[in-house]
>>> print(open('final_28.csv').read())   # CSV, N, CA, C and O atoms
chain,number,residue,atom,x,y,z
Y,1,MET,N,-0.6,42.3,12.5
Y,1,MET,CA,-1.6,42.6,11.5
Y,1,MET,C,-1.1,42.6,10.1
Y,1,MET,O,-1.7,42.1,9.2
Y,2,ARG,N,0.1,43.1,9.9
Y,2,ARG,CA,0.6,43.2,8.6
Y,2,ARG,C,1.0,41.9,8.0
Y,2,ARG,O,0.8,41.6,6.8
Y,3,GLU,N,1.4,40.9,8.9
Y,3,GLU,CA,1.7,39.6,8.4
Y,3,GLU,C,0.6,38.9,7.8
Y,3,GLU,O,0.8,38.1,6.9
Y,4,THR,N,-0.6,39.1,8.2
Y,4,THR,CA,-1.8,38.4,7.7
Y,4,THR,C,-2.7,39.3,6.8
Y,4,THR,O,-3.8,38.9,6.4
Y,5,ALA,N,-2.2,40.5,6.5
Y,5,ALA,CA,-3.1,41.5,5.8
Y,5,ALA,C,-3.5,41.0,4.4
Y,5,ALA,O,-4.6,41.4,4.0
Y,6,THR,N,-2.7,40.3,3.7
Y,6,THR,CA,-3.1,39.9,2.4
Y,6,THR,C,-3.7,38.5,2.3
Y,6,THR,O,-4.1,38.0,1.2
Y,7,GLN,N,-3.9,37.8,3.5
Y,7,GLN,CA,-4.5,36.5,3.5
Y,7,GLN,C,-6.0,36.7,3.5
Y,7,GLN,O,-6.6,37.6,4.1
Y,8,PRO,N,-6.7,35.8,2.8
Y,8,PRO,CA,-8.2,35.8,2.8
Y,8,PRO,C,-8.7,35.6,4.2
Y,8,PRO,O,-8.2,34.9,5.0
Y,9,ARG,N,-9.8,36.3,4.5
Y,9,ARG,CA,-10.5,36.2,5.8
Y,9,ARG,C,-11.9,35.7,5.6
Y,9,ARG,O,-12.5,35.9,4.6
Y,10,SER,N,-12.3,35.0,6.6
Y,10,SER,CA,-13.7,34.5,6.6
Y,10,SER,C,-14.6,35.6,7.2
Y,10,SER,O,-14.3,36.3,8.1
Y,11,LEU,N,-15.7,35.8,6.5
Y,11,LEU,CA,-16.8,36.7,7.0
Y,11,LEU,C,-18.1,35.9,7.2
Y,11,LEU,O,-18.4,35.0,6.4
Y,12,LEU,N,-18.8,36.3,8.1
Y,12,LEU,CA,-20.2,35.8,8.3
Y,12,LEU,C,-21.1,36.8,7.7
Y,12,LEU,O,-21.0,38.0,8.0
Y,13,LEU,N,-22.1,36.3,6.9
Y,13,LEU,CA,-23.1,37.2,6.4
Y,13,LEU,C,-24.2,37.3,7.4
Y,13,LEU,O,-24.7,36.3,7.9
Y,14,LYS,N,-24.6,38.5,7.7
Y,14,LYS,CA,-25.6,38.8,8.7
Y,14,LYS,C,-26.9,39.2,7.9
Y,14,LYS,O,-26.8,40.0,7.0
Y,15,LEU,N,-28.0,38.7,8.4
Y,15,LEU,CA,-29.3,39.1,7.8
Y,15,LEU,C,-30.2,39.6,8.9
Y,15,LEU,O,-30.6,38.8,9.8
Y,16,ASP,N,-30.5,40.9,8.9
Y,16,ASP,CA,-31.5,41.4,9.8
Y,16,ASP,C,-32.9,41.3,9.2
Y,16,ASP,O,-33.1,41.8,8.0
Y,17,VAL,N,-33.8,40.7,9.9
Y,17,VAL,CA,-35.2,40.6,9.4
Y,17,VAL,C,-36.1,41.4,10.3
Y,17,VAL,O,-36.0,41.3,11.5
Y,18,ASP,N,-36.9,42.2,9.7
Y,18,ASP,CA,-37.9,43.0,10.4
Y,18,ASP,C,-39.1,43.3,9.6
Y,18,ASP,O,-39.2,42.8,8.4
Y,19,GLU,N,-39.9,44.2,10.0
Y,19,GLU,CA,-41.2,44.5,9.3
Y,19,GLU,C,-40.9,45.1,8.0
Y,19,GLU,O,-41.7,45.0,7.0
Y,20,SER,N,-39.8,45.8,7.8
Y,20,SER,CA,-39.5,46.4,6.5
Y,20,SER,C,-39.1,45.5,5.4
Y,20,SER,O,-39.2,45.9,4.2
Y,21,ASN,N,-38.6,44.3,5.8
Y,21,ASN,CA,-38.1,43.4,4.7
Y,21,ASN,C,-38.7,42.0,4.8
Y,21,ASN,O,-38.4,41.2,3.9
Y,22,ILE,N,-39.5,41.6,5.7
Y,22,ILE,CA,-39.9,40.2,5.9
Y,22,ILE,C,-40.7,39.8,4.7
Y,22,ILE,O,-40.6,38.6,4.2
Y,23,ASP,N,-41.6,40.6,4.2
Y,23,ASP,CA,-42.5,40.2,3.1
Y,23,ASP,C,-41.6,39.8,1.8
Y,23,ASP,O,-41.8,38.8,1.2
Y,24,ARG,N,-40.7,40.7,1.6
Y,24,ARG,CA,-39.8,40.5,0.4
Y,24,ARG,C,-39.0,39.2,0.6
Y,24,ARG,O,-38.8,38.4,-0.3
Y,25,LEU,N,-38.4,39.1,1.8
Y,25,LEU,CA,-37.5,37.9,2.0
Y,25,LEU,C,-38.3,36.6,1.9
Y,25,LEU,O,-37.8,35.6,1.5
Y,26,GLU,N,-39.6,36.6,2.4
Y,26,GLU,CA,-40.4,35.4,2.3
Y,26,GLU,C,-40.7,34.9,0.9
Y,26,GLU,O,-41.0,33.8,0.6
Y,27,THR,N,-40.6,35.8,-0.1
Y,27,THR,CA,-40.8,35.5,-1.5
Y,27,THR,C,-39.5,35.1,-2.2
Y,27,THR,O,-39.6,34.6,-3.3
Y,28,MET,N,-38.4,35.2,-1.5
Y,28,MET,CA,-37.1,34.9,-2.2
Y,28,MET,C,-36.6,33.5,-1.7
Y,28,MET,O,-36.9,33.0,-0.6
Y,29,SER,N,-35.8,32.9,-2.6
Y,29,SER,CA,-35.2,31.6,-2.2
Y,29,SER,C,-34.0,31.9,-1.3
Y,29,SER,O,-33.5,33.0,-1.3
Y,30,CYS,N,-33.5,30.9,-0.7
Y,30,CYS,CA,-32.3,31.0,0.2
Y,30,CYS,C,-31.1,31.5,-0.7
Y,30,CYS,O,-30.3,32.3,-0.3
Y,31,GLU,N,-31.0,30.9,-1.9
Y,31,GLU,CA,-29.9,31.3,-2.8
Y,31,GLU,C,-30.0,32.8,-3.2
Y,31,GLU,O,-28.9,33.4,-3.2
Y,32,GLU,N,-31.2,33.3,-3.4
Y,32,GLU,CA,-31.3,34.7,-3.8
Y,32,GLU,C,-31.0,35.6,-2.6
Y,32,GLU,O,-30.3,36.6,-2.8
Y,33,ILE,N,-31.4,35.2,-1.4
Y,33,ILE,CA,-31.1,36.0,-0.2
Y,33,ILE,C,-29.6,36.0,0.0
Y,33,ILE,O,-29.0,37.1,0.2
Y,34,PHE,N,-29.0,34.8,-0.1
Y,34,PHE,CA,-27.5,34.7,0.1
Y,34,PHE,C,-26.8,35.6,-0.9
Y,34,PHE,O,-25.9,36.3,-0.6
Y,35,ALA,N,-27.2,35.5,-2.2
Y,35,ALA,CA,-26.5,36.2,-3.3
Y,35,ALA,C,-26.6,37.7,-3.1
Y,35,ALA,O,-25.7,38.5,-3.2
Y,36,GLU,N,-27.8,38.2,-2.6
Y,36,GLU,CA,-28.0,39.6,-2.4
Y,36,GLU,C,-27.2,40.1,-1.2
Y,36,GLU,O,-26.5,41.1,-1.3
Y,37,ARG,N,-27.1,39.3,-0.2
Y,37,ARG,CA,-26.3,39.7,1.0
Y,37,ARG,C,-24.8,39.7,0.6
Y,37,ARG,O,-24.0,40.6,1.0
Y,38,GLU,N,-24.4,38.7,-0.1
Y,38,GLU,CA,-23.0,38.6,-0.5
Y,38,GLU,C,-22.6,39.8,-1.3
Y,38,GLU,O,-21.5,40.4,-1.1
Y,39,LEU,N,-23.4,40.2,-2.3
Y,39,LEU,CA,-23.1,41.4,-3.1
Y,39,LEU,C,-23.1,42.6,-2.2
Y,39,LEU,O,-22.2,43.5,-2.4
Y,40,ALA,N,-24.0,42.8,-1.3
Y,40,ALA,CA,-24.0,44.0,-0.4
Y,40,ALA,C,-22.7,44.0,0.4
Y,40,ALA,O,-22.1,45.1,0.5
Y,41,TYR,N,-22.2,42.9,0.9
Y,41,TYR,CA,-20.9,42.8,1.7
Y,41,TYR,C,-19.8,43.2,0.8
Y,41,TYR,O,-18.9,44.0,1.1
Y,42,GLN,N,-19.7,42.6,-0.4
Y,42,GLN,CA,-18.6,42.9,-1.4
Y,42,GLN,C,-18.6,44.4,-1.7
Y,42,GLN,O,-17.5,45.0,-1.7
Y,43,ASP,N,-19.8,45.0,-2.0
Y,43,ASP,CA,-19.8,46.4,-2.3
Y,43,ASP,C,-19.3,47.3,-1.1
Y,43,ASP,O,-18.6,48.2,-1.3
Y,44,SER,N,-19.7,46.9,0.1
Y,44,SER,CA,-19.3,47.7,1.2
Y,44,SER,C,-17.8,47.6,1.5
Y,44,SER,O,-17.2,48.6,1.9
Y,45,TYR,N,-17.2,46.4,1.3
Y,45,TYR,CA,-15.8,46.3,1.5
Y,45,TYR,C,-15.0,46.9,0.3
Y,45,TYR,O,-13.9,47.3,0.5
Y,46,ARG,N,-15.6,47.0,-0.9
Y,46,ARG,CA,-14.9,47.5,-2.0
Y,46,ARG,C,-14.6,49.0,-1.8
Y,46,ARG,O,-13.7,49.6,-2.4
Y,47,ALA,N,-15.4,49.7,-1.0
Y,47,ALA,CA,-15.3,51.1,-0.7
Y,47,ALA,C,-14.2,51.5,0.2
Y,47,ALA,O,-14.0,52.7,0.4
Y,48,ILE,N,-13.6,50.5,0.8
Y,48,ILE,CA,-12.5,50.9,1.8
Y,48,ILE,C,-11.2,50.3,1.3
Y,48,ILE,O,-11.1,49.4,0.5
Y,49,PRO,N,-10.1,50.9,1.8
Y,49,PRO,CA,-8.8,50.3,1.4
Y,49,PRO,C,-8.5,48.9,2.0
Y,49,PRO,O,-9.1,48.5,2.9
Y,50,ALA,N,-7.6,48.3,1.4
Y,50,ALA,CA,-7.1,46.9,1.9
Y,50,ALA,C,-6.5,47.1,3.3
Y,50,ALA,O,-6.1,48.2,3.7
Y,51,LEU,N,-6.5,46.0,4.0
Y,51,LEU,CA,-6.0,46.0,5.4
Y,51,LEU,C,-4.6,46.5,5.5
Y,51,LEU,O,-4.3,47.3,6.4
Y,52,ASP,N,-3.7,46.1,4.6
Y,52,ASP,CA,-2.3,46.6,4.7
Y,52,ASP,C,-2.3,48.1,4.5
Y,52,ASP,O,-1.4,48.8,5.1
Y,53,GLU,N,-3.1,48.7,3.6
Y,53,GLU,CA,-3.1,50.1,3.4
Y,53,GLU,C,-3.7,50.8,4.7
Y,53,GLU,O,-3.2,51.9,5.1
Y,54,LEU,N,-4.7,50.3,5.3
Y,54,LEU,CA,-5.2,50.8,6.5
Y,54,LEU,C,-4.1,50.8,7.6
Y,54,LEU,O,-4.0,51.8,8.4
Y,55,CYS,N,-3.4,49.7,7.6
Y,55,CYS,CA,-2.2,49.6,8.6
Y,55,CYS,C,-1.2,50.7,8.3
Y,55,CYS,O,-0.8,51.4,9.3
Y,56,ASP,N,-0.9,50.9,7.1
Y,56,ASP,CA,0.1,52.0,6.7
Y,56,ASP,C,-0.4,53.4,7.2
Y,56,ASP,O,0.4,54.2,7.7
Y,57,ARG,N,-1.7,53.6,6.9
Y,57,ARG,CA,-2.2,54.9,7.2
Y,57,ARG,C,-2.4,55.2,8.7
Y,57,ARG,O,-2.2,56.3,9.2
Y,58,TYR,N,-3.0,54.2,9.4
Y,58,TYR,CA,-3.4,54.4,10.8
Y,58,TYR,C,-2.7,53.6,11.8
Y,58,TYR,O,-3.0,53.8,13.0
Y,59,GLY,N,-1.9,52.7,11.4
Y,59,GLY,CA,-1.2,51.9,12.4
Y,59,GLY,C,-0.2,52.7,13.2
Y,59,GLY,O,0.4,53.7,12.7
Y,60,ASP,N,-0.1,52.4,14.5
Y,60,ASP,CA,0.8,53.2,15.4
Y,60,ASP,C,1.8,52.2,16.0
Y,60,ASP,O,1.4,51.4,16.9
Y,61,ARG,N,3.0,52.1,15.5
Y,61,ARG,CA,4.0,51.2,16.0
Y,61,ARG,C,4.4,51.4,17.4
Y,61,ARG,O,4.9,50.5,18.1
Y,62,GLU,N,4.1,52.6,18.0
Y,62,GLU,CA,4.5,52.9,19.3
Y,62,GLU,C,3.3,52.6,20.3
Y,62,GLU,O,3.5,52.8,21.5
Y,63,ASN,N,2.2,52.2,19.8
Y,63,ASN,CA,1.0,51.9,20.6
Y,63,ASN,C,1.3,50.8,21.5
Y,63,ASN,O,1.7,49.7,21.1
Y,64,ARG,N,1.0,50.9,22.8
Y,64,ARG,CA,1.2,49.9,23.8
Y,64,ARG,C,-0.2,49.4,24.4
Y,64,ARG,O,-0.2,48.7,25.4
Y,65,ARG,N,-1.3,49.8,23.7
Y,65,ARG,CA,-2.6,49.3,24.2
Y,65,ARG,C,-2.7,47.9,23.9
Y,65,ARG,O,-2.2,47.3,23.0
Y,66,ILE,N,-3.5,47.2,24.7
Y,66,ILE,CA,-3.8,45.8,24.5
Y,66,ILE,C,-5.2,45.7,23.9
Y,66,ILE,O,-6.2,46.2,24.4
Y,67,TYR,N,-5.3,44.9,22.8
Y,67,TYR,CA,-6.5,44.7,22.1
Y,67,TYR,C,-6.8,43.2,22.2
Y,67,TYR,O,-5.9,42.4,21.9
Y,68,THR,N,-8.0,42.8,22.5
Y,68,THR,CA,-8.3,41.4,22.7
Y,68,THR,C,-8.2,40.6,21.3
Y,68,THR,O,-7.8,39.5,21.3
Y,69,MET,N,-8.7,41.3,20.3
Y,69,MET,CA,-8.7,40.6,19.0
Y,69,MET,C,-8.2,41.6,17.9
Y,69,MET,O,-8.3,42.8,18.0
Y,70,SER,N,-7.6,41.0,16.9
Y,70,SER,CA,-7.2,41.8,15.8
Y,70,SER,C,-8.3,42.6,15.1
Y,70,SER,O,-8.1,43.7,14.6
Y,71,ARG,N,-9.5,42.1,15.2
Y,71,ARG,CA,-10.7,42.8,14.7
Y,71,ARG,C,-10.9,44.1,15.4
Y,71,ARG,O,-11.4,45.1,14.8
Y,72,ASP,N,-10.5,44.2,16.7
Y,72,ASP,CA,-10.6,45.5,17.4
Y,72,ASP,C,-9.7,46.5,16.8
Y,72,ASP,O,-10.1,47.7,16.7
Y,73,VAL,N,-8.5,46.1,16.4
Y,73,VAL,CA,-7.5,47.0,15.8
Y,73,VAL,C,-8.1,47.5,14.5
Y,73,VAL,O,-8.0,48.7,14.1
Y,74,GLU,N,-8.5,46.5,13.7
Y,74,GLU,CA,-9.1,46.9,12.4
Y,74,GLU,C,-10.3,47.8,12.5
Y,74,GLU,O,-10.4,48.8,11.8
Y,75,GLY,N,-11.1,47.6,13.5
Y,75,GLY,CA,-12.2,48.5,13.8
Y,75,GLY,C,-11.8,49.9,14.1
Y,75,GLY,O,-12.4,50.9,13.6
Y,76,ARG,N,-10.7,50.0,14.8
Y,76,ARG,CA,-10.1,51.4,15.2
Y,76,ARG,C,-9.7,52.1,13.9
Y,76,ARG,O,-9.9,53.2,13.7
Y,77,TRP,N,-9.0,51.3,13.0
Y,77,TRP,CA,-8.5,51.9,11.8
Y,77,TRP,C,-9.7,52.3,10.9
Y,77,TRP,O,-9.6,53.3,10.2
Y,78,LEU,N,-10.7,51.5,10.9
Y,78,LEU,CA,-11.9,51.8,10.0
Y,78,LEU,C,-12.6,53.1,10.6
Y,78,LEU,O,-13.1,53.9,9.8
Y,79,ASP,N,-12.6,53.2,11.9
Y,79,ASP,CA,-13.2,54.4,12.5
Y,79,ASP,C,-12.4,55.7,12.1
Y,79,ASP,O,-13.0,56.7,11.7
Y,80,LEU,N,-11.1,55.6,12.1
Y,80,LEU,CA,-10.2,56.7,11.7
Y,80,LEU,C,-10.4,57.0,10.2
Y,80,LEU,O,-10.5,58.2,9.8
Y,81,HIS,N,-10.5,55.9,9.4
Y,81,HIS,CA,-10.7,56.1,8.0
Y,81,HIS,C,-12.0,56.8,7.7
Y,81,HIS,O,-12.1,57.7,6.9
Y,82,GLN,N,-13.1,56.4,8.4
Y,82,GLN,CA,-14.4,57.0,8.2
Y,82,GLN,C,-14.3,58.5,8.6
Y,82,GLN,O,-14.9,59.4,8.0
Y,83,ARG,N,-13.7,58.8,9.7
Y,83,ARG,CA,-13.5,60.2,10.2
Y,83,ARG,C,-12.8,61.0,9.2
Y,83,ARG,O,-13.2,62.1,8.9
Y,84,ASP,N,-11.7,60.5,8.6
Y,84,ASP,CA,-10.9,61.2,7.6
Y,84,ASP,C,-11.5,61.4,6.2
Y,84,ASP,O,-11.3,62.4,5.6
Y,85,THR,N,-12.3,60.4,5.8
Y,85,THR,CA,-12.8,60.3,4.4
Y,85,THR,C,-14.3,60.4,4.3
Y,85,THR,O,-14.8,60.7,3.2
Y,86,GLY,N,-15.0,60.1,5.4
Y,86,GLY,CA,-16.5,60.1,5.3
Y,86,GLY,C,-17.0,58.8,4.7
Y,86,GLY,O,-18.2,58.6,4.6
Y,87,VAL,N,-16.1,57.9,4.3
Y,87,VAL,CA,-16.5,56.6,3.8
Y,87,VAL,C,-17.0,55.7,4.9
Y,87,VAL,O,-16.2,55.5,5.9
Y,88,SER,N,-18.2,55.2,4.8
Y,88,SER,CA,-18.8,54.4,5.9
Y,88,SER,C,-18.0,53.1,6.1
Y,88,SER,O,-17.4,52.5,5.1
Y,89,LYS,N,-18.0,52.6,7.3
Y,89,LYS,CA,-17.4,51.3,7.6
Y,89,LYS,C,-18.2,50.2,6.8
Y,89,LYS,O,-19.4,50.3,6.6
Y,90,PRO,N,-17.5,49.1,6.5
Y,90,PRO,CA,-18.3,48.0,5.8
Y,90,PRO,C,-19.3,47.3,6.7
Y,90,PRO,O,-19.3,47.5,7.9
Y,91,ILE,N,-20.2,46.6,6.1
Y,91,ILE,CA,-21.2,45.9,6.8
Y,91,ILE,C,-20.6,44.9,7.8
Y,91,ILE,O,-19.6,44.3,7.5
Y,92,ASP,N,-21.1,44.9,9.0
Y,92,ASP,CA,-20.5,44.0,10.0
Y,92,ASP,C,-21.6,43.1,10.6
Y,92,ASP,O,-22.7,43.5,10.8
>>> encode(input="final_28.csv", output="structure tokens")
Amino acid sequence: MRETATQPRSLLLKLDVDESNIDRLETMSCEEIFAERELAYQDSYRAIPALDELCDRYGDRENRRIYTMSRDVEGRWLDLHQRDTGVSKPID
């Protein structure tokens, strides 16, 4: 995890559509919707430490558990960070 902590990662922007937002979304252009979601994602990630800092705080070098994906390890660290600080996990 530490080897790739400073490398850019790809994120998928997720858009939940329901009764509470459908009317507003229908009046917006695709570009406006995308820009709004991108800003929301950036804001949510800005509130948490960088991956290498999460690793320093919550990584366990003695851990022998098997995780299918590195995202699972990151999720564990984010859970611990939320528990310790009250800062919500970023949008996923």
>>> residues_near_point(input="final_28.csv", point="(-19.2, 42.4, 5.9)", cutoff="6 Å", atoms="all atoms listed in the file", output="list in words")
Leu12, Tyr41, Pro90, Ile91 and Asp92 of chain Y
>>> closest_residue(input="final_28.csv", among="Y:Leu15, Y:Leu54, Y:Gly59, Y:Gln42", to="Y:Cys30", atoms="only C-alpha atoms")
Y:Leu15
>>> select_by_dssp(input="final_28.csv", residues="chain Y", states="helix (DSSP H, G or I)", output="PyMOL selection string")
chain Y and resi 2-4+22-26+30-46+51-58+70-85
>>> atom_distance(input="final_28.csv", atom1="atom N of Y:Arg37", atom2="atom CA of Y:Ser20")
15.8 Å
>>> residues_around(input="final_28.csv", residues="stretch 68-81 of chain Y", least_positions_apart="4", cutoff="12 Å", atoms="only C-alpha atoms", output="ChimeraX atom specification")
/Y:1-5,9-11,45,47-60,63,85-92
>>> atom_distance(input="final_28.csv", atom1="atom N of Y:Leu39", atom2="atom O of Y:Gln82")
23.4 Å
>>> atom_distance(input="final_28.csv", atom1="atom O of Y:Glu36", atom2="atom CA of Y:Leu13")
9.3 Å
